[in-house]
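Below is the file input_3.csv, which contains CSV, C-alpha atoms.
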chain,number,residue,atom,x,y,z
A,433,MET,CA,84.7,96.3,106.9
A,434,THR,CA,84.1,96.9,103.3
A,435,PRO,CA,80.9,98.9,102.5
A,436,LYS,CA,77.9,96.9,101.4
A,437,PRO,CA,77.8,97.0,97.6
A,438,ASP,CA,74.9,99.0,96.0
A,439,PRO,CA,72.5,96.4,94.6
A,440,VAL,CA,71.1,98.9,92.1
A,441,GLN,CA,73.0,99.5,88.9
A,442,PRO,CA,72.9,102.5,86.5
A,443,ALA,CA,70.7,101.7,83.4
A,444,ASP,CA,72.2,100.2,80.3
A,445,ALA,CA,70.6,100.0,76.8
A,446,GLU,CA,68.8,96.7,77.7
A,447,ALA,CA,67.4,98.1,80.9
A,448,ARG,CA,66.1,101.3,79.0
A,449,ALA,CA,64.5,99.1,76.3
A,450,LEU,CA,62.8,96.9,79.0
A,451,ALA,CA,61.5,100.0,80.8
A,452,ARG,CA,60.1,101.5,77.6
A,453,SER,CA,58.3,98.2,76.8
A,454,LEU,CA,56.8,98.2,80.3
A,455,LEU,CA,55.5,101.7,79.7
A,456,GLY,CA,53.2,100.3,77.1
A,457,ALA,CA,50.8,99.2,80.0
A,458,THR,CA,47.2,100.3,80.0
A,459,HIS,CA,46.9,100.3,83.8
A,460,ALA,CA,49.2,100.9,86.8
A,461,ALA,CA,49.3,100.9,90.5
A,462,LEU,CA,49.6,104.3,92.1
A,463,SER,CA,50.9,105.2,95.5
A,464,TRP,CA,49.7,108.5,97.0
A,465,LEU,CA,49.2,110.2,100.4
A,466,ASP,CA,45.8,110.3,102.2
A,467,VAL,CA,44.8,114.0,102.5
A,468,GLU,CA,43.8,113.8,106.1
A,469,THR,CA,46.2,111.4,107.7
A,470,GLY,CA,49.2,111.3,105.3
A,471,HIS,CA,48.9,107.5,105.3
A,472,PRO,CA,50.5,106.0,102.2
A,473,SER,CA,47.6,104.8,100.0
A,474,ILE,CA,47.2,102.8,96.8
A,475,SER,CA,44.9,102.6,93.8
A,476,ARG,CA,44.7,101.0,90.4
A,477,ILE,CA,44.8,103.7,87.6
A,478,ALA,CA,44.3,103.8,83.9
A,479,PHE,CA,47.7,104.3,82.3
A,480,GLY,CA,49.0,105.6,79.1
A,481,LEU,CA,51.6,107.9,77.5
A,482,CYS,CA,51.2,111.4,76.2
A,483,PRO,CA,52.2,112.0,72.6
A,484,GLN,CA,55.7,112.9,73.9
A,485,GLY,CA,56.0,109.5,75.6
A,486,MET,CA,55.6,110.6,79.2
A,487,PRO,CA,53.2,109.0,81.8
A,488,LEU,CA,49.6,110.1,81.8
A,489,THR,CA,46.4,109.0,83.5
A,490,LEU,CA,42.7,109.8,83.4
A,491,ILE,CA,41.1,110.0,86.8
A,492,SER,CA,37.4,109.9,87.9
A,493,GLY,CA,36.2,112.5,90.4
A,494,LEU,CA,34.9,109.5,92.4
A,495,ALA,CA,38.4,108.1,92.9
A,496,PRO,CA,39.9,109.0,96.3
A,497,HIS,CA,43.3,109.8,94.7
A,498,LEU,CA,41.9,112.7,92.7
A,499,ALA,CA,41.5,115.0,95.7
A,500,ALA,CA,44.7,113.5,97.3
A,501,LEU,CA,46.9,114.4,94.3
A,502,LYS,CA,45.4,117.9,94.2
A,503,ALA,CA,46.4,118.3,97.8
A,504,ASP,CA,49.9,116.7,97.5
A,505,ALA,CA,51.2,116.0,94.0
A,506,ARG,CA,53.8,113.5,95.1
A,507,CYS,CA,53.1,109.9,94.0
A,508,SER,CA,54.7,106.8,92.6
A,509,LEU,CA,53.5,104.3,90.0
A,510,MET,CA,54.3,100.7,89.1
A,511,VAL,CA,53.8,99.0,85.8
A,512,GLY,CA,54.6,95.4,84.7
A,513,GLU,CA,52.3,92.4,84.9
A,514,VAL,CA,53.0,89.1,86.7
A,515,GLY,CA,52.9,86.2,84.2
A,516,ALA,CA,51.2,82.9,84.9
A,517,LYS,CA,54.5,81.0,85.7
A,518,GLY,CA,57.2,81.2,88.2
A,519,ASP,CA,57.9,83.4,91.3
A,520,PRO,CA,56.0,86.7,90.9
A,521,LEU,CA,59.1,88.6,92.2
A,522,THR,CA,61.1,87.5,89.1
A,523,HIS,CA,58.7,89.2,86.7
A,524,PRO,CA,60.0,92.7,85.5
A,525,ARG,CA,58.3,95.8,86.9
A,526,LEU,CA,59.1,99.5,86.7
A,527,MET,CA,58.5,101.9,89.6
A,528,ILE,CA,58.5,105.6,88.9
A,529,ARG,CA,58.6,108.4,91.5
A,530,ALA,CA,56.6,111.2,90.1
A,531,ARG,CA,54.6,114.4,90.6
A,532,ALA,CA,51.1,114.8,89.4
A,533,THR,CA,50.2,117.8,87.2
A,534,PHE,CA,46.5,118.3,86.3
A,535,VAL,CA,45.5,119.1,82.8
A,536,ALA,CA,42.9,121.9,82.9
A,537,PRO,CA,39.7,121.4,80.7
A,538,ASP,CA,40.8,124.4,78.6
A,539,ASP,CA,44.5,123.4,78.4
A,540,PRO,CA,45.5,123.9,74.7
A,541,ALA,CA,47.3,120.5,74.9
A,542,ARG,CA,44.1,118.6,76.0
A,543,PRO,CA,42.6,117.9,72.5
A,544,GLU,CA,45.8,116.1,71.4
A,545,LEU,CA,46.2,114.3,74.7
A,546,ARG,CA,42.5,113.2,74.5
A,547,ALA,CA,42.8,111.9,70.9
A,548,HIS,CA,46.0,110.1,71.7
A,549,TRP,CA,44.5,108.5,74.9
A,550,LEU,CA,41.4,107.3,73.1
A,551,LYS,CA,43.6,105.3,70.6
A,552,GLY,CA,45.0,103.3,73.5
A,553,HIS,CA,41.8,103.3,75.6
A,554,PRO,CA,38.9,103.3,73.2
A,555,LYS,CA,36.3,102.4,75.9
A,556,ALA,CA,37.2,105.7,77.7
A,557,ALA,CA,35.2,107.5,75.0
A,558,LEU,CA,32.2,106.9,77.2
A,559,TYR,CA,33.4,109.1,80.0
A,560,VAL,CA,36.5,111.0,78.9
A,561,ASP,CA,34.5,114.3,78.6
A,562,PHE,CA,32.5,113.9,81.9
A,563,PRO,CA,33.2,117.2,83.9
A,564,ASP,CA,34.5,115.3,87.0
A,565,PHE,CA,37.2,113.4,85.0
A,566,ALA,CA,40.6,114.8,84.6
A,567,PHE,CA,43.8,114.0,82.7
A,568,VAL,CA,46.8,114.1,85.0
A,569,ARG,CA,50.4,114.0,83.9
A,570,LEU,CA,52.7,111.9,86.1
A,571,ILE,CA,56.0,113.7,85.7
A,572,PRO,CA,58.9,111.3,86.5
A,573,GLU,CA,61.6,112.3,88.9
A,574,SER,CA,63.4,109.0,89.0
A,575,ALA,CA,62.7,105.3,88.4
A,576,LEU,CA,63.8,101.9,89.5
A,577,LEU,CA,63.5,98.9,87.1
A,578,ASN,CA,63.5,95.5,88.8
A,579,GLY,CA,64.1,92.7,86.4
A,580,GLY,CA,64.1,89.9,89.0
A,581,PHE,CA,66.4,89.0,91.9
A,582,ALA,CA,69.7,91.0,91.8
A,583,ARG,CA,68.7,92.7,88.6
A,584,ALA,CA,67.8,96.3,89.6
A,585,PHE,CA,68.5,99.4,87.6
A,586,ARG,CA,68.2,103.1,88.4
A,587,LEU,CA,66.7,105.2,85.6
A,588,THR,CA,66.5,108.9,85.0
A,589,PRO,CA,63.6,110.7,83.3
A,590,GLN,CA,65.8,110.9,80.2
A,591,ASP,CA,66.3,107.1,80.3
A,592,LEU,CA,62.4,106.7,80.3
A,593,ALA,CA,62.0,109.1,77.3
A,594,GLY,CA,64.0,106.6,75.3
B,391,MET,CA,21.8,121.5,97.5
B,392,THR,CA,21.6,117.9,98.5
B,393,PRO,CA,24.9,116.4,99.7
B,394,LYS,CA,26.8,114.3,97.1
B,395,PRO,CA,25.9,110.6,97.7
B,396,ASP,CA,28.7,108.4,99.1
B,397,PRO,CA,29.8,106.2,96.3
B,398,VAL,CA,31.2,103.6,98.7
B,399,GLN,CA,28.8,101.1,100.3
B,400,PRO,CA,29.2,99.0,103.4
B,401,ALA,CA,30.3,95.4,102.7
B,402,ASP,CA,27.7,92.7,102.1
B,403,ALA,CA,28.2,89.0,102.1
B,404,GLU,CA,29.1,89.0,98.4
B,405,ALA,CA,31.7,91.7,98.9
B,406,ARG,CA,33.2,89.9,101.8
B,407,ALA,CA,33.5,86.7,99.8
B,408,LEU,CA,35.1,88.5,96.8
B,409,ALA,CA,37.6,90.2,99.2
B,410,ARG,CA,38.5,86.8,100.7
B,411,SER,CA,39.1,85.3,97.3
B,412,LEU,CA,41.4,88.2,96.3
B,413,LEU,CA,43.4,87.6,99.5
B,414,GLY,CA,44.5,84.3,97.9
B,415,ALA,CA,47.0,86.3,95.9
B,416,THR,CA,50.7,85.3,96.0
B,417,HIS,CA,51.9,88.9,95.3
B,418,ALA,CA,50.7,92.4,95.9
B,419,ALA,CA,51.6,96.1,95.3
B,420,LEU,CA,52.7,97.9,98.5
B,421,SER,CA,52.6,101.7,99.1
B,422,TRP,CA,55.0,103.0,101.7
B,423,LEU,CA,56.8,106.2,102.6
B,424,ASP,CA,60.4,107.0,101.6
B,425,VAL,CA,62.5,107.3,104.8
B,426,GLU,CA,64.3,110.5,103.8
B,427,THR,CA,61.7,112.5,101.8
B,428,GLY,CA,58.3,111.0,102.8
B,429,HIS,CA,57.5,110.6,99.1
B,430,PRO,CA,54.9,107.9,98.6
B,431,SER,CA,56.7,104.9,97.1
B,432,ILE,CA,55.7,101.6,95.6
B,433,SER,CA,57.0,98.0,95.4
B,434,ARG,CA,55.9,94.6,94.4
B,435,ILE,CA,55.9,92.2,97.4
B,436,ALA,CA,55.4,88.5,98.0
B,437,PHE,CA,52.0,88.1,99.6
B,438,GLY,CA,50.3,85.4,101.7
B,439,LEU,CA,48.2,84.9,104.7
B,440,CYS,CA,49.2,83.9,108.2
B,441,PRO,CA,47.6,80.7,109.6
B,442,GLN,CA,44.9,83.1,111.1
B,443,GLY,CA,44.1,84.5,107.7
B,444,MET,CA,45.7,87.9,108.0
B,445,PRO,CA,48.1,89.5,105.5
B,446,LEU,CA,51.8,88.6,105.6
B,447,THR,CA,54.8,89.3,103.5
B,448,LEU,CA,58.5,88.1,103.4
B,449,ILE,CA,60.9,91.0,102.6
B,450,SER,CA,64.5,90.9,101.5
B,451,GLY,CA,67.0,93.2,103.2
B,452,LEU,CA,67.8,94.5,99.7
B,453,ALA,CA,64.3,95.8,99.2
B,454,PRO,CA,64.0,99.6,99.8
B,455,HIS,CA,60.7,99.1,101.7
B,456,LEU,CA,62.3,97.0,104.4
B,457,ALA,CA,64.1,100.0,106.0
B,458,ALA,CA,61.2,102.3,105.2
B,459,LEU,CA,58.6,100.1,107.1
B,460,LYS,CA,61.0,99.9,110.0
B,461,ALA,CA,61.1,103.7,110.1
B,462,ASP,CA,57.3,104.2,109.5
B,463,ALA,CA,55.0,101.2,109.7
B,464,ARG,CA,52.2,102.9,107.8
B,465,CYS,CA,51.5,101.2,104.4
B,466,SER,CA,48.8,100.1,102.0
B,467,LEU,CA,48.6,97.0,99.8
B,468,MET,CA,46.6,96.1,96.7
B,469,VAL,CA,45.7,92.6,95.4
B,470,GLY,CA,43.7,91.6,92.4
B,471,GLU,CA,44.9,90.7,88.9
B,472,VAL,CA,43.8,92.4,85.7
B,473,GLY,CA,42.5,89.8,83.3
B,474,ALA,CA,43.2,89.6,79.6
B,475,LYS,CA,39.9,91.1,78.5
B,476,GLY,CA,38.0,94.4,79.0
B,477,ASP,CA,38.8,97.7,80.7
B,478,PRO,CA,41.5,97.1,83.4
B,479,LEU,CA,39.5,99.3,85.8
B,480,THR,CA,36.5,96.9,85.8
B,481,HIS,CA,38.6,94.0,87.3
B,482,PRO,CA,38.1,93.6,91.0
B,483,ARG,CA,40.9,94.7,93.4
B,484,LEU,CA,41.2,95.1,97.1
B,485,MET,CA,43.1,97.9,98.8
B,486,ILE,CA,44.0,97.5,102.4
B,487,ARG,CA,45.3,100.2,104.7
B,488,ALA,CA,47.7,98.6,107.1
B,489,ARG,CA,50.5,98.8,109.6
B,490,ALA,CA,53.6,96.7,109.3
B,491,THR,CA,54.8,94.6,112.2
B,492,PHE,CA,58.1,92.8,111.9
B,493,VAL,CA,58.3,89.2,113.1
B,494,ALA,CA,61.6,88.7,115.0
B,495,PRO,CA,63.8,85.7,114.1
B,496,ASP,CA,63.2,84.3,117.6
B,497,ASP,CA,59.4,85.1,117.7
B,498,PRO,CA,57.7,81.9,119.0
B,499,ALA,CA,55.1,82.3,116.1
B,500,ARG,CA,57.8,82.2,113.4
B,501,PRO,CA,58.1,78.4,112.9
B,502,GLU,CA,54.4,78.1,112.2
B,503,LEU,CA,54.4,81.3,109.9
B,504,ARG,CA,57.4,79.9,108.0
B,505,ALA,CA,55.8,76.4,107.5
B,506,HIS,CA,52.5,78.0,106.4
B,507,TRP,CA,54.3,80.5,104.0
B,508,LEU,CA,56.3,77.7,102.3
B,509,LYS,CA,53.1,75.8,101.5
B,510,GLY,CA,52.0,78.8,99.3
B,511,HIS,CA,55.5,79.9,98.2
B,512,PRO,CA,57.6,76.7,97.9
B,513,LYS,CA,60.4,78.5,96.0
B,514,ALA,CA,60.9,80.8,99.0
B,515,ALA,CA,62.6,77.8,100.7
B,516,LEU,CA,65.8,78.9,99.0
B,517,TYR,CA,66.0,82.2,100.9
B,518,VAL,CA,63.5,82.2,103.7
B,519,ASP,CA,66.2,81.7,106.4
B,520,PHE,CA,68.7,84.2,105.0
B,521,PRO,CA,69.5,86.5,107.9
B,522,ASP,CA,68.5,89.7,106.0
B,523,PHE,CA,65.0,88.4,105.2
B,524,ALA,CA,62.1,89.1,107.5
B,525,PHE,CA,58.5,88.1,107.8
B,526,VAL,CA,56.3,91.2,108.2
B,527,ARG,CA,52.6,91.2,109.2
B,528,LEU,CA,50.5,93.8,107.5
B,529,ILE,CA,47.9,94.5,110.1
B,530,PRO,CA,44.7,95.8,108.4
B,531,GLU,CA,43.1,99.0,109.6
B,532,SER,CA,40.5,99.3,106.9
B,533,ALA,CA,39.9,98.2,103.3
B,534,LEU,CA,38.2,99.2,100.1
B,535,LEU,CA,37.0,96.7,97.6
B,536,ASN,CA,36.5,97.9,94.1
B,537,GLY,CA,34.5,95.6,91.9
B,538,GLY,CA,34.3,97.8,88.9
B,539,PHE,CA,32.7,101.2,88.1
B,540,ALA,CA,30.2,102.2,90.8
B,541,ARG,CA,30.8,99.0,92.8
B,542,ALA,CA,32.9,100.0,95.7
B,543,PHE,CA,32.7,98.6,99.3
B,544,ARG,CA,34.2,99.6,102.6
B,545,LEU,CA,35.4,96.7,104.6
B,546,THR,CA,36.6,96.4,108.2
B,547,PRO,CA,39.4,94.1,109.5
B,548,GLN,CA,36.6,91.8,110.7
B,549,ASP,CA,35.1,91.6,107.2
B,550,LEU,CA,38.5,90.5,105.9
B,551,ALA,CA,38.9,87.8,108.5
B,552,GLY,CA,35.8,86.1,107.0
Rewrite the coordinates I just gave you, this time as structure tokens.
Amino acid sequence: MTPKPDPVQPADAEARALARSLLGATHAALSWLDVETGHPSISRIAFGLCPQGMPLTLISGLAPHLAALKADARCSLMVGEVGAKGDPLTHPRLMIRARATFVAPDDPARPELRAHWLKGHPKAALYVDFPDFAFVRLIPESALLNGGFARAFRLTPQDLAG
Amino acid sequence: MTPKPDPVQPADAEARALARSLLGATHAALSWLDVETGHPSISRIAFGLCPQGMPLTLISGLAPHLAALKADARCSLMVGEVGAKGDPLTHPRLMIRARATFVAPDDPARPELRAHWLKGHPKAALYVDFPDFAFVRLIPESALLNGGFARAFRLTPQDLAG
């Protein structure tokens, strides 16, 4: 028997460009672990990029994933909208395996992150400085781009940085 | 000190109706555990309901979550689209904590599931009977409905059944 071919290809220039365009999203789905049970859990998060082009979110203290990411930083995020037409599984989406790193209120990088975030999320000005909100970097470890059936690409953090 | 009030309310009739309408989705985001590392992972899945109104998906053998759910049935799914206007976090979404149960090819319930699925996903007729595709029931354990800031409701599997 011949081995089953790997359906996932290394990224090419087109895949990298598509991934970068999907990173322009303002929201994402986040996969994280329940603190008590370890059950894989899911939330919608606000999404943006830091000035260096890497994934960032702003989390409310009321969100269950805030405490969860403090306890276990492992997470994954997905960006890419489903359009109005056709099979939803043919619309491109990017899945990033990541680790969450909290930005402390007195982190010297925070003012720049905050200003950059508010350009893409102007309504966040209402709550960005509430004491229970936190910026969290989602540091990529690896990524998978799915551009539809039989069009899957593996991406490195360097591929995402463009 | 008084205890922090629980921001999540028990479901009322309006919350149950909203949850049921969100369950009309044809796709969802799925949170699952990587087989080798236990890292929380994420995929887009085809989504529908079984004839009894409970969550169902059809998974390709090429999808990484197929082997993962066979190894650990714990998962969560999220349904609810983000509209074109306003803050993405104000759009309603439903998160369901679930366990995956595979439907065997010779399961007596499969013909009815298959016929029901194809009504909502007619393009799946092209691949539904491929030997590496499987129907998987996502049996709810609990759910959280988020209808926007400060509008969160806890739902039971009975609430979802309508």
* To do: Please return, as a ChimeraX atom specification, all residues of chain B lying within 8 Å of chain A when only C-alpha atoms are considered.
  => /B:397,416-417,419-423,429-436,452,464-468,477-479,483,485,487,513
* So how far away is CA of Asp549 (chain B) from CA of Ala407 (chain B), in Å? ->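 Between CA of Ala407 (chain B) and CA of Asp549 (chain B) the gap works out to 9.0 Å.
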* Between B:Ala542, B:Ala515, B:Val425, B:Met444, single out the one closest to Leu456 (chain B), counting only C-alpha atoms. =>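 Among the listed residues, B:Val425 lies closest to Leu456 (chain B).
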* Tell me which protein, DNA and RNA residues are within 7 Å of Pro547 (chain B), counting all atoms listed in the file, leaving out same-chain ones fewer than 6 positions away, and put them as number ranges by chain. => B: 530-532
* Asked: If you count only C-alpha atoms, which residues fall within 7 Å of region 517-529 of chain B, apart from same-chain ones fewer than 3 positions away, as a list of chain:residue names?
  ->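 In the requested form, the answer reads B:Pro445, B:Leu446, B:Thr447, B:Leu448, B:Ile449, B:Ser450, B:Gly451, B:Ala488, B:Arg489, B:Ala490, B:Thr491, B:Phe492, B:Val493, B:Ala514.
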Would you save the residues of that selection, restricted to C-alpha atoms, as a PDB file, in the coordinates of the input?
ATOM      1  CA  PRO B 445      48.100  89.500 105.500  1.00  0.00           C
ATOM      2  CA  LEU B 446      51.800  88.600 105.600  1.00  0.00           C
ATOM      3  CA  THR B 447      54.800  89.300 103.500  1.00  0.00           C
ATOM      4  CA  LEU B 448      58.500  88.100 103.400  1.00  0.00           C
ATOM      5  CA  ILE B 449      60.900  91.000 102.600  1.00  0.00           C
ATOM      6  CA  SER B 450      64.500  90.900 101.500  1.00  0.00           C
ATOM      7  CA  GLY B 451      67.000  93.200 103.200  1.00  0.00           C
ATOM      8  CA  ALA B 488      47.700  98.600 107.100  1.00  0.00           C
ATOM      9  CA  ARG B 489      50.500  98.800 109.600  1.00  0.00           C
ATOM     10  CA  ALA B 490      53.600  96.700 109.300  1.00  0.00           C
ATOM     11  CA  THR B 491      54.800  94.600 112.200  1.00  0.00           C
ATOM     12  CA  PHE B 492      58.100  92.800 111.900  1.00  0.00           C
ATOM     13  CA  VAL B 493      58.300  89.200 113.100  1.00  0.00           C
ATOM     14  CA  ALA B 514      60.900  80.800  99.000  1.00  0.00           C
TER      15      ALA B 514
END
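In this model, the gap between CA of Leu545 (chain A) and CA of Leu481 (chain A) comes to 8.8 Å.
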* To do: Have a look at CA of Gln441 (chain A) and CA of Gly580 (chain A) and let me know their distance in Å, one decimal.
  =>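 The value is 13.1 Å.
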* Asked: Arg586 (chain A): which residues within 6 Å, counting all atoms listed in the file, same-chain residues fewer than 4 positions away excluded, as a list in words?
  ->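 In the requested format, the answer is Pro442, Ala443, Ala575 and Leu576 of chain A.
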* Rank nothing, just name the residue among A:His497, A:Gly552, A:Gly515, A:Pro537 nearest to Gly456 (chain A), using all atoms listed in the file. =>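 Smallest separation from Gly456 (chain A) among the options: A:Gly552.
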